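Structure first, commentary second.
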Amino acid sequence: MEELRRAIAVGVNTKSPKEDFEYSMLELKGLANARYIEVVGELIQNLPKKNHVHYIGKGKIDELLPLIEELEADVLIFNDELSPSQIRVLEEKLETRVMDRTMLILDIFAERAKTREAQLQVEVAQLRYMLPRLMGRQESLGRQGGGAGMSNKGAGETKLELDRRRIEDKITALNKELDALVELRKTQRKQRQKSGLPVVSLVGYTNAGKSTTMNALVEKFHPNENKQVFEKDMLFATLETSVRNITLPDNKAFLLTDTVGFVHKLPHHLVKAFRSTLEEVAEADLIVHVIDFSDPHFELLMDVTHQTLEDIGVSDIPVIYAYNKSDLMDQAIPRVEGDRIYFSAKQRIGTDELIEQIKTHLFKDYKKCQMLIPFDQGQLISYFNEHANVLNTEYEENGTKLTMECKSSDAEKYKKFLV
């Protein structure tokens with residue numbers, strides 16, 4: 001299929017606050033751009049509720065016809081998920097390809113998915129979206145068979161049944177493969193938990209700068225290792241969960257995970273398909289909520305992120321609010337105010353302060369102590385040099401005396417050596 005180039009964005013505002021609706025229309029254009037579609041026009045209608053037959057009122061359909069011709073639009077993009085019958089009616093009346101917001105987001109995800117797991121998740125979401133739309137054609141296809149009772153059931157309906165079964169079988173097969181990958185992810189997660197390393201999850205709206213934040217921290221503490229993740233100034237640049245081990249100069253370490261970005265009206269098909277990926281956040285010890293502070297609607301985007309986290313059952317996990325791109329605002333940075341930090345990941349301003357915030361949350365259970373370790377326990381010296389922050393080493397008559405910061409659990413485990 002040749003790439004669609006020119007579109008008219010269509011939206012109905014029912015009860016949303018004006019600012020929320022305006023932003024969702026602006027974002028719809030951003031989503032279209034991410035699919036290489038240029039939005040050349042816009043049609044908006046205020047209604048108490050959306051028209052169940054054709055989404056917009058009949059008068060607006062009459063307005064759209066000349067607009068499509070005048071702007072040479074070859075696609076109409078609607079700001080909500082449309083029902084199968086709405087799509088059919090609109091395409092019949094307007095004789096133009098119709099896309100809804102869900103279709104657009106699914107297309108972007110399909111194009112960006114790189115790993116097998118992400119590709120499977122997107123394909124399952126697409127098929128789930130298609131299934132009721134296939135069913136929605138039943139009425140028109142069924143009519144093709146004439147009216148001579150069940151014996152002449154109609155080729156259209158028979159084909160529909162076959163298509164429906166084929167899609168359901170495909171969903172079952174894909175889910176089976178996906179389940180195996182989910183089990184593998186769970187095993188990897190258990191192995192990470194065994195390591196005892198705390199987990200920090202980067203979350204936030206798409207394009208807030210999560211991957212750039214991850215790269216800033218990786219670059220700072222592992223400059224000679226090729227561990228950078230893909231980053232680009234576009235919606236949904238990252239669909240895969242990346243995990244990086246961050247080891248600090250004082251030997252304290254944690255795992256940093258980067259997740260898929262959230263978006264206004266994230267299709268439920270995608271939330272369902274990506275649930276296993278998103279659930280990684282629910283097992284984090286700390287969440288860093290990355291916010292694009294330069295976006296005038298940043299508070300609305302924060303609300304969307306909070307709501308999405310609630311929907312996947314994330315609660316009672318401490319949060320640091322990282323206001324990224326603060327260099328674009330007229331104020332001095334870096335700045336820390338309680339659990340809020342104003343920084344710039346791209347300019348690498350404020351990464352030290354962010355790390356300090358993370359350390360304050362993660363390493364509360366570290367205590368300063370002294371241990372006198374006998375010379376025949378050399379493996380313990382190696383252990384503490386690797387897993388604790390050794391501040392001073394002295395060699396005495398009965399062994400090696402370490403002054404250090406170590407985990408409370410280690411201090412308890414080796415308390416017989418405490419001095």
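Identifiers in this document derive from the order of the structure tokens: chains are assigned A, B, ..., residues are numbered from 1 separately in each chain, and ligands are numbered from 1 in order of occurrence.
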message: Can you tell me, as a PyMOL selection string, which residues in range 269-389 of chain A count as helix (DSSP H, G or I) by DSSP?
response: chain A and resi 269-273+275-283+298-311+326-328+351-362+375-387
Write out as a tab-separated table (two decimals) with N, CA and C atoms, in the first residue's frame which residues come within 10 Å of Ala253 in chain A when counting only C-alpha atoms, dropping same-chain ones fewer than 3 positions away.
chain	number	residue	atom	x	y	z
A	196	GLY	N	19.95	-9.25	44.57
A	196	GLY	CA	19.78	-8.32	45.69
A	196	GLY	C	19.89	-6.86	45.29
A	197	LEU	N	20.04	-6.61	43.98
A	197	LEU	CA	20.17	-5.22	43.53
A	197	LEU	C	18.79	-4.55	43.46
A	198	PRO	N	18.67	-3.35	44.01
A	198	PRO	CA	17.39	-2.64	43.88
A	198	PRO	C	17.15	-2.22	42.44
A	199	VAL	N	15.85	-2.05	42.09
A	199	VAL	CA	15.48	-1.70	40.71
A	199	VAL	C	14.86	-0.31	40.68
A	245	ASN	N	22.83	-2.12	34.41
A	245	ASN	CA	23.37	-2.16	35.77
A	245	ASN	C	24.20	-0.90	35.98
A	246	ILE	N	23.84	-0.11	36.98
A	246	ILE	CA	24.59	1.12	37.28
A	246	ILE	C	25.36	0.89	38.57
A	247	THR	N	26.70	0.87	38.46
A	247	THR	CA	27.55	0.71	39.64
A	247	THR	C	28.21	2.05	39.95
A	248	LEU	N	27.96	2.54	41.15
A	248	LEU	CA	28.46	3.86	41.55
A	248	LEU	C	29.89	3.74	42.09
A	249	PRO	N	30.62	4.85	42.16
A	249	PRO	CA	32.02	4.79	42.63
A	249	PRO	C	32.17	4.20	44.03
A	250	ASP	N	31.10	4.30	44.89
A	250	ASP	CA	31.21	3.74	46.24
A	250	ASP	C	30.72	2.29	46.30
A	256	LEU	N	18.70	-0.16	36.39
A	256	LEU	CA	17.89	0.93	35.84
A	256	LEU	C	17.11	0.38	34.64
A	359	LYS	N	20.07	7.59	45.42
A	359	LYS	CA	20.81	6.96	46.54
A	359	LYS	C	20.07	7.15	47.87
A	362	LEU	N	17.26	4.61	47.85
A	362	LEU	CA	17.58	3.18	47.72
A	362	LEU	C	18.45	2.62	48.84
A	363	PHE	N	19.34	3.46	49.35
A	363	PHE	CA	20.37	2.90	50.23
A	363	PHE	C	20.21	3.34	51.68
A	387	HIS	N	31.24	-5.22	47.31
A	387	HIS	CA	29.82	-4.95	47.59
A	387	HIS	C	29.58	-3.88	48.66
A	388	ALA	N	30.62	-3.28	49.18
A	388	ALA	CA	30.43	-2.23	50.18
A	388	ALA	C	31.31	-1.04	49.82
Exercise: range 281-293 of chain A partners within 7 Å, only C-alpha atoms, chain neighbours under 6 positions left out, as a count of residues only: 22
- prompt: CA of Arg166 in chain A and CA of Pro132 in chain A are how many Å apart?
  reply: 13.5 Å
Find the residues around Leu67 in chain A up to 9 Å (only C-alpha atoms counted), leave out those fewer than 5 positions away in its own chain, and share them as an mmCIF file with N, CA and C atoms, in the first residue's frame.
data_model
loop_
_atom_site.group_PDB
_atom_site.id
_atom_site.type_symbol
_atom_site.label_atom_id
_atom_site.label_comp_id
_atom_site.auth_asym_id
_atom_site.auth_seq_id
_atom_site.Cartn_x
_atom_site.Cartn_y
_atom_site.Cartn_z
ATOM 1 N N ILE A 8 -6.946 14.964 7.123
ATOM 2 C CA ILE A 8 -7.739 15.917 7.912
ATOM 3 C C ILE A 8 -7.981 15.258 9.264
ATOM 4 N N GLY A 41 -5.526 19.745 7.507
ATOM 5 C CA GLY A 41 -6.754 20.433 7.927
ATOM 6 C C GLY A 41 -7.328 19.787 9.170
ATOM 7 N N GLU A 72 -7.273 18.197 -0.882
ATOM 8 C CA GLU A 72 -6.728 16.996 -1.529
ATOM 9 C C GLU A 72 -6.297 15.958 -0.486
ATOM 10 N N ALA A 73 -7.140 15.766 0.519
ATOM 11 C CA ALA A 73 -6.838 14.800 1.589
ATOM 12 C C ALA A 73 -7.171 13.390 1.115
#
query: Which is closer to Leu43 in chain A than all the others in A:Leu71, A:Val10, A:Met25, A:Leu131, using only C-alpha atoms?
result: A:Val10
query: Taking only C-alpha atoms into account, which of A:Ala411, A:Leu90, A:Leu278, A:Met404 comes nearest Thr257 in chain A?
result: A:Leu278
message: Just the number, please: distance in Å from CA of Leu174 in chain A to CA of Ala118 in chain A, one decimal.
response: 11.6 Å
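Between CA of Ser211 in chain A and CA of Thr259 in chain A lies a distance of 8.7 Å.
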Give me the residues near Leu28 in chain A as a PDB file with all heavy atoms, in the first residue's frame, where near means some atom within 10 Å (using only C-alpha atoms) and where sequence neighbours in that chain fewer than 2 positions away do not count.
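What follows is the written file around12.pdb:
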ATOM      1  N   ALA A   9      -7.668  15.993  10.349  1.00  0.00           N
ATOM      2  CA  ALA A   9      -7.893  15.484  11.707  1.00  0.00           C
ATOM      3  C   ALA A   9      -9.312  15.867  12.136  1.00  0.00           C
ATOM      4  O   ALA A   9      -9.728  17.017  11.965  1.00  0.00           O
ATOM      5  CB  ALA A   9      -6.868  16.070  12.663  1.00  0.00           C
ATOM      6  N   VAL A  10     -10.049  14.897  12.683  1.00  0.00           N
ATOM      7  CA  VAL A  10     -11.443  15.134  13.069  1.00  0.00           C
ATOM      8  C   VAL A  10     -11.630  14.764  14.538  1.00  0.00           C
ATOM      9  O   VAL A  10     -11.238  13.678  14.965  1.00  0.00           O
ATOM     10  CB  VAL A  10     -12.410  14.284  12.203  1.00  0.00           C
ATOM     11  CG1 VAL A  10     -13.861  14.598  12.559  1.00  0.00           C
ATOM     12  CG2 VAL A  10     -12.155  14.508  10.708  1.00  0.00           C
ATOM     13  N   GLY A  11     -12.220  15.690  15.309  1.00  0.00           N
ATOM     14  CA  GLY A  11     -12.416  15.422  16.727  1.00  0.00           C
ATOM     15  C   GLY A  11     -13.749  15.917  17.243  1.00  0.00           C
ATOM     16  O   GLY A  11     -14.258  16.939  16.771  1.00  0.00           O
ATOM     17  N   GLU A  22      -7.948  20.176  23.347  1.00  0.00           N
ATOM     18  CA  GLU A  22      -7.025  20.837  22.403  1.00  0.00           C
ATOM     19  C   GLU A  22      -5.701  20.077  22.346  1.00  0.00           C
ATOM     20  O   GLU A  22      -5.117  19.903  21.278  1.00  0.00           O
ATOM     21  CB  GLU A  22      -6.792  22.293  22.819  1.00  0.00           C
ATOM     22  CG  GLU A  22      -7.958  23.209  22.464  1.00  0.00           C
ATOM     23  CD  GLU A  22      -7.791  24.622  23.002  1.00  0.00           C
ATOM     24  OE1 GLU A  22      -6.785  24.884  23.699  1.00  0.00           O
ATOM     25  OE2 GLU A  22      -8.673  25.459  22.734  1.00  0.00           O
ATOM     26  N   TYR A  23      -5.228  19.634  23.535  1.00  0.00           N
ATOM     27  CA  TYR A  23      -3.957  18.908  23.549  1.00  0.00           C
ATOM     28  C   TYR A  23      -4.089  17.577  22.821  1.00  0.00           C
ATOM     29  O   TYR A  23      -3.199  17.185  22.069  1.00  0.00           O
ATOM     30  CB  TYR A  23      -3.441  18.664  24.971  1.00  0.00           C
ATOM     31  CG  TYR A  23      -2.082  18.010  24.922  1.00  0.00           C
ATOM     32  CD1 TYR A  23      -0.940  18.777  24.698  1.00  0.00           C
ATOM     33  CD2 TYR A  23      -1.931  16.625  24.984  1.00  0.00           C
ATOM     34  CE1 TYR A  23       0.295  18.202  24.564  1.00  0.00           C
ATOM     35  CE2 TYR A  23      -0.696  16.038  24.852  1.00  0.00           C
ATOM     36  CZ  TYR A  23       0.417  16.832  24.646  1.00  0.00           C
ATOM     37  OH  TYR A  23       1.659  16.251  24.487  1.00  0.00           O
ATOM     38  N   SER A  24      -5.217  16.882  23.032  1.00  0.00           N
ATOM     39  CA  SER A  24      -5.366  15.567  22.381  1.00  0.00           C
ATOM     40  C   SER A  24      -5.404  15.712  20.864  1.00  0.00           C
ATOM     41  O   SER A  24      -4.907  14.858  20.137  1.00  0.00           O
ATOM     42  CB  SER A  24      -6.600  14.821  22.903  1.00  0.00           C
ATOM     43  OG  SER A  24      -7.775  15.364  22.375  1.00  0.00           O
ATOM     44  N   MET A  25      -5.962  16.833  20.366  1.00  0.00           N
ATOM     45  CA  MET A  25      -5.963  17.084  18.913  1.00  0.00           C
ATOM     46  C   MET A  25      -4.547  17.406  18.421  1.00  0.00           C
ATOM     47  O   MET A  25      -4.125  16.955  17.352  1.00  0.00           O
ATOM     48  CB  MET A  25      -6.917  18.241  18.572  1.00  0.00           C
ATOM     49  CG  MET A  25      -8.394  17.896  18.681  1.00  0.00           C
ATOM     50  SD  MET A  25      -8.933  16.563  17.565  1.00  0.00           S
ATOM     51  CE  MET A  25      -8.799  17.358  15.957  1.00  0.00           C
ATOM     52  N   LEU A  26      -3.820  18.168  19.220  1.00  0.00           N
ATOM     53  CA  LEU A  26      -2.428  18.506  18.882  1.00  0.00           C
ATOM     54  C   LEU A  26      -1.586  17.228  18.844  1.00  0.00           C
ATOM     55  O   LEU A  26      -0.780  17.014  17.936  1.00  0.00           O
ATOM     56  CB  LEU A  26      -1.883  19.478  19.946  1.00  0.00           C
ATOM     57  CG  LEU A  26      -0.496  20.071  19.707  1.00  0.00           C
ATOM     58  CD1 LEU A  26      -0.532  21.041  18.521  1.00  0.00           C
ATOM     59  CD2 LEU A  26      -0.008  20.814  20.951  1.00  0.00           C
ATOM     60  N   GLY A  30       0.740  14.986  16.044  1.00  0.00           N
ATOM     61  CA  GLY A  30       2.069  14.424  16.301  1.00  0.00           C
ATOM     62  C   GLY A  30       2.131  12.946  15.971  1.00  0.00           C
ATOM     63  O   GLY A  30       3.105  12.456  15.406  1.00  0.00           O
ATOM     64  N   LEU A  31       1.059  12.242  16.311  1.00  0.00           N
ATOM     65  CA  LEU A  31       0.991  10.800  15.998  1.00  0.00           C
ATOM     66  C   LEU A  31       0.964  10.587  14.486  1.00  0.00           C
ATOM     67  O   LEU A  31       1.609   9.677  13.964  1.00  0.00           O
ATOM     68  CB  LEU A  31      -0.253  10.177  16.641  1.00  0.00           C
ATOM     69  CG  LEU A  31      -0.257  10.079  18.172  1.00  0.00           C
ATOM     70  CD1 LEU A  31      -1.655   9.782  18.699  1.00  0.00           C
ATOM     71  CD2 LEU A  31       0.730   9.016  18.662  1.00  0.00           C
ATOM     72  N   ALA A  32       0.206  11.449  13.788  1.00  0.00           N
ATOM     73  CA  ALA A  32       0.145  11.349  12.319  1.00  0.00           C
ATOM     74  C   ALA A  32       1.534  11.588  11.718  1.00  0.00           C
ATOM     75  O   ALA A  32       1.983  10.842  10.833  1.00  0.00           O
ATOM     76  CB  ALA A  32      -0.859  12.358  11.766  1.00  0.00           C
ATOM     77  N   ASN A  33       2.235  12.608  12.229  1.00  0.00           N
ATOM     78  CA  ASN A  33       3.592  12.891  11.739  1.00  0.00           C
ATOM     79  C   ASN A  33       4.515  11.700  11.952  1.00  0.00           C
ATOM     80  O   ASN A  33       5.375  11.410  11.124  1.00  0.00           O
ATOM     81  CB  ASN A  33       4.179  14.125  12.453  1.00  0.00           C
ATOM     82  CG  ASN A  33       3.523  15.411  11.984  1.00  0.00           C
ATOM     83  OD1 ASN A  33       2.969  15.461  10.894  1.00  0.00           O
ATOM     84  ND2 ASN A  33       3.555  16.445  12.813  1.00  0.00           N
ATOM     85  N   ALA A  34       4.331  11.024  13.086  1.00  0.00           N
ATOM     86  CA  ALA A  34       5.152   9.847  13.382  1.00  0.00           C
ATOM     87  C   ALA A  34       4.889   8.728  12.368  1.00  0.00           C
ATOM     88  O   ALA A  34       5.707   7.823  12.200  1.00  0.00           O
ATOM     89  CB  ALA A  34       4.880   9.345  14.801  1.00  0.00           C
ATOM     90  N   VAL A  39      -0.886  16.413   8.396  1.00  0.00           N
ATOM     91  CA  VAL A  39      -2.245  16.878   8.684  1.00  0.00           C
ATOM     92  C   VAL A  39      -2.408  18.259   8.051  1.00  0.00           C
ATOM     93  O   VAL A  39      -1.769  19.226   8.453  1.00  0.00           O
ATOM     94  CB  VAL A  39      -2.521  16.923  10.202  1.00  0.00           C
ATOM     95  CG1 VAL A  39      -3.899  17.510  10.472  1.00  0.00           C
ATOM     96  CG2 VAL A  39      -2.445  15.509  10.794  1.00  0.00           C
ATOM     97  N   ILE A  77      -8.419  11.230   9.863  1.00  0.00           N
ATOM     98  CA  ILE A  77      -7.962  10.623  11.115  1.00  0.00           C
ATOM     99  C   ILE A  77      -8.851  11.131  12.252  1.00  0.00           C
ATOM    100  O   ILE A  77      -8.923  12.339  12.506  1.00  0.00           O
ATOM    101  CB  ILE A  77      -6.484  10.958  11.400  1.00  0.00           C
ATOM    102  CG1 ILE A  77      -5.598  10.497  10.234  1.00  0.00           C
ATOM    103  CG2 ILE A  77      -6.031  10.275  12.683  1.00  0.00           C
ATOM    104  CD1 ILE A  77      -4.146  10.882  10.371  1.00  0.00           C
ATOM    105  N   PHE A  78      -9.524  10.202  12.925  1.00  0.00           N
ATOM    106  CA  PHE A  78     -10.458  10.555  13.996  1.00  0.00           C
ATOM    107  C   PHE A  78      -9.786  10.400  15.364  1.00  0.00           C
ATOM    108  O   PHE A  78      -9.009   9.468  15.577  1.00  0.00           O
ATOM    109  CB  PHE A  78     -11.715   9.687  13.881  1.00  0.00           C
ATOM    110  CG  PHE A  78     -12.585  10.072  12.715  1.00  0.00           C
ATOM    111  CD1 PHE A  78     -12.225   9.714  11.415  1.00  0.00           C
ATOM    112  CD2 PHE A  78     -13.732  10.820  12.902  1.00  0.00           C
ATOM    113  CE1 PHE A  78     -13.002  10.081  10.323  1.00  0.00           C
ATOM    114  CE2 PHE A  78     -14.526  11.198  11.814  1.00  0.00           C
ATOM    115  CZ  PHE A  78     -14.161  10.838  10.526  1.00  0.00           C
ATOM    116  N   ASN A  79     -10.125  11.322  16.265  1.00  0.00           N
ATOM    117  CA  ASN A  79      -9.413  11.441  17.532  1.00  0.00           C
ATOM    118  C   ASN A  79      -9.845  10.425  18.595  1.00  0.00           C
ATOM    119  O   ASN A  79      -9.410  10.495  19.732  1.00  0.00           O
ATOM    120  CB  ASN A  79      -9.587  12.872  18.077  1.00  0.00           C
ATOM    121  CG  ASN A  79      -8.617  13.179  19.200  1.00  0.00           C
ATOM    122  OD1 ASN A  79      -7.513  12.656  19.232  1.00  0.00           O
ATOM    123  ND2 ASN A  79      -9.033  14.005  20.143  1.00  0.00           N
ATOM    124  N   ASP A  80     -10.725   9.507  18.247  1.00  0.00           N
ATOM    125  CA  ASP A  80     -11.172   8.471  19.196  1.00  0.00           C
ATOM    126  C   ASP A  80     -11.189   7.134  18.487  1.00  0.00           C
ATOM    127  O   ASP A  80     -11.034   7.063  17.265  1.00  0.00           O
ATOM    128  CB  ASP A  80     -12.587   8.780  19.707  1.00  0.00           C
ATOM    129  CG  ASP A  80     -12.604   9.994  20.622  1.00  0.00           C
ATOM    130  OD1 ASP A  80     -12.241   9.837  21.796  1.00  0.00           O
ATOM    131  OD2 ASP A  80     -12.967  11.094  20.163  1.00  0.00           O
ATOM    132  N   ASP A 100      -8.738   5.654  12.825  1.00  0.00           N
ATOM    133  CA  ASP A 100      -9.010   6.233  14.135  1.00  0.00           C
ATOM    134  C   ASP A 100      -7.703   6.285  14.926  1.00  0.00           C
ATOM    135  O   ASP A 100      -6.662   5.800  14.479  1.00  0.00           O
ATOM    136  CB  ASP A 100     -10.121   5.483  14.880  1.00  0.00           C
ATOM    137  CG  ASP A 100      -9.785   4.027  15.185  1.00  0.00           C
ATOM    138  OD1 ASP A 100      -8.593   3.662  15.082  1.00  0.00           O
ATOM    139  OD2 ASP A 100     -10.696   3.267  15.527  1.00  0.00           O
ATOM    140  N   ARG A 101      -7.764   6.895  16.101  1.00  0.00           N
ATOM    141  CA  ARG A 101      -6.569   7.110  16.918  1.00  0.00           C
ATOM    142  C   ARG A 101      -5.867   5.777  17.254  1.00  0.00           C
ATOM    143  O   ARG A 101      -4.641   5.673  17.201  1.00  0.00           O
ATOM    144  CB  ARG A 101      -6.980   7.839  18.199  1.00  0.00           C
ATOM    145  CG  ARG A 101      -5.816   8.320  19.049  1.00  0.00           C
ATOM    146  CD  ARG A 101      -6.331   8.933  20.337  1.00  0.00           C
ATOM    147  NE  ARG A 101      -5.252   9.482  21.119  1.00  0.00           N
ATOM    148  CZ  ARG A 101      -4.860  10.741  21.079  1.00  0.00           C
ATOM    149  NH1 ARG A 101      -5.474  11.606  20.309  1.00  0.00           N
ATOM    150  NH2 ARG A 101      -3.853  11.164  21.824  1.00  0.00           N
ATOM    151  N   LEU A 104      -3.925   4.347  14.363  1.00  0.00           N
ATOM    152  CA  LEU A 104      -2.713   5.146  14.145  1.00  0.00           C
ATOM    153  C   LEU A 104      -1.614   4.722  15.123  1.00  0.00           C
ATOM    154  O   LEU A 104      -0.469   4.489  14.721  1.00  0.00           O
ATOM    155  CB  LEU A 104      -3.067   6.630  14.343  1.00  0.00           C
ATOM    156  CG  LEU A 104      -2.077   7.691  13.882  1.00  0.00           C
ATOM    157  CD1 LEU A 104      -1.744   7.537  12.415  1.00  0.00           C
ATOM    158  CD2 LEU A 104      -2.654   9.087  14.144  1.00  0.00           C
ATOM    159  N   ILE A 105      -1.959   4.603  16.405  1.00  0.00           N
ATOM    160  CA  ILE A 105      -0.973   4.210  17.422  1.00  0.00           C
ATOM    161  C   ILE A 105      -0.486   2.786  17.173  1.00  0.00           C
ATOM    162  O   ILE A 105       0.712   2.498  17.272  1.00  0.00           O
ATOM    163  CB  ILE A 105      -1.554   4.375  18.846  1.00  0.00           C
ATOM    164  CG1 ILE A 105      -1.806   5.862  19.143  1.00  0.00           C
ATOM    165  CG2 ILE A 105      -0.605   3.804  19.896  1.00  0.00           C
ATOM    166  CD1 ILE A 105      -2.536   6.142  20.454  1.00  0.00           C
ATOM    167  N   HIS A 264      -1.862   9.815  25.802  1.00  0.00           N
ATOM    168  CA  HIS A 264      -3.273  10.091  26.059  1.00  0.00           C
ATOM    169  C   HIS A 264      -4.118   9.067  25.294  1.00  0.00           C
ATOM    170  O   HIS A 264      -3.856   8.798  24.123  1.00  0.00           O
ATOM    171  CB  HIS A 264      -3.564  11.507  25.531  1.00  0.00           C
ATOM    172  CG  HIS A 264      -4.754  12.157  26.145  1.00  0.00           C
ATOM    173  ND1 HIS A 264      -4.993  12.156  27.489  1.00  0.00           N
ATOM    174  CD2 HIS A 264      -5.776  12.868  25.589  1.00  0.00           C
ATOM    175  CE1 HIS A 264      -6.106  12.820  27.737  1.00  0.00           C
ATOM    176  NE2 HIS A 264      -6.603  13.265  26.606  1.00  0.00           N
TER     177      HIS A 264
END
